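Structure, as C-alpha cells:
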Amino acid sequence: MELLTILLDGIAQMGAGIGAGIAVIGAGLGIGRIGGSALESMARQPEVSGDIRANMIVAAALVEGAAFFGIIVCLLIALAG
C-alpha cells in the first residue's frame with residue numbers, strides 16, 4: 001500500500017511539472033503572437049503606434065497572468081501530496 005502511495009505522488013508531481021511547462025509554452029506563444037501582430041499593425045499605421053503599444057502591453061500582461069495562474073495551480077497540486 002505504501003508503494004502505491006509513493007507511485008501516485010510521483011505521478012502527480014510529474015503531471016504538475018508537465019502542466020507548468022505547457023502553461024509557460026502557451027504564454028510564450030501568446031506573447032510572440034501579440035508582439036508580431038503589434039509590429040505589423042505599427043508598420044501599417046505608424047500614427048497609432050502609441051495606442052497599439054499600450055494595448056499590446058495589457059494583452060501581454062493578461063497572458064502572463066493566466067500562465068502564472070496555471071503554474072501556481074500545478075505547484076499546489078505537486079506540493080499537496
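Lettering and numbering for the C-alpha cells are positional, with chains as A, B, ... in the shown order, residues counted from 1 in each chain, and ligands counted from 1 in the shown order.
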Hey, could you make a per-residue contact list for segment 27-76 of chain A against segment 2-22 of chain A with 7 Å as the cut-off, showing the nearest pair of atoms and its distance in Å to one decimal, counting only C-alpha atoms, sorted by chain and number, as JSON lines?
```
{"residue": "A:Gly70", "atom": "CA", "partner": "A:Ala20", "partner_atom": "CA", "distance": 6.5}
{"residue": "A:Ile71", "atom": "CA", "partner": "A:Ala20", "partner_atom": "CA", "distance": 4.8}
{"residue": "A:Cys74", "atom": "CA", "partner": "A:Ala16", "partner_atom": "CA", "distance": 4.5}
{"residue": "A:Leu75", "atom": "CA", "partner": "A:Ala16", "partner_atom": "CA", "distance": 6.5}
```
Problem set entry | 10 Å contact set for segment 63-67 of chain A, only C-alpha atoms, chain neighbours under 6 positions out, as a list in words | Ala20, Gly21, Ile22, Ala23, Val24, Ile25, Gly26, Ala27, Gly28, Leu29, Gly30, Ile31, Ile34, Ile57 and Val73 of chain A
File dump, residues just selected, C-alpha atoms, as a PDB file, in the first residue's frame:
```pdb
ATOM      1  CA  ALA A  20       3.599  24.061 -15.676  1.00  0.00           C
ATOM      2  CA  GLY A  21       5.674  23.516 -18.808  1.00  0.00           C
ATOM      3  CA  ILE A  22       2.599  23.660 -21.020  1.00  0.00           C
ATOM      4  CA  ALA A  23       1.488  26.878 -19.305  1.00  0.00           C
ATOM      5  CA  VAL A  24       4.854  28.515 -19.990  1.00  0.00           C
ATOM      6  CA  ILE A  25       4.907  27.356 -23.619  1.00  0.00           C
ATOM      7  CA  GLY A  26       1.387  28.704 -24.121  1.00  0.00           C
ATOM      8  CA  ALA A  27       2.348  32.061 -22.638  1.00  0.00           C
ATOM      9  CA  GLY A  28       5.411  32.263 -24.872  1.00  0.00           C
ATOM     10  CA  LEU A  29       3.358  31.526 -27.966  1.00  0.00           C
ATOM     11  CA  GLY A  30       0.713  34.053 -26.953  1.00  0.00           C
ATOM     12  CA  ILE A  31       3.177  36.851 -26.269  1.00  0.00           C
ATOM     13  CA  ILE A  34       0.825  39.567 -29.730  1.00  0.00           C
ATOM     14  CA  ILE A  57       1.278  45.578 -23.029  1.00  0.00           C
ATOM     15  CA  VAL A  73      -2.177  25.504  -9.659  1.00  0.00           C
TER      16      VAL A  73
END
```
Exercise. So how many Å separate atom CA of Gly32 of chain A and atom CA of Val58 of chain A, to one decimal?
Worked result: 14.0 Å
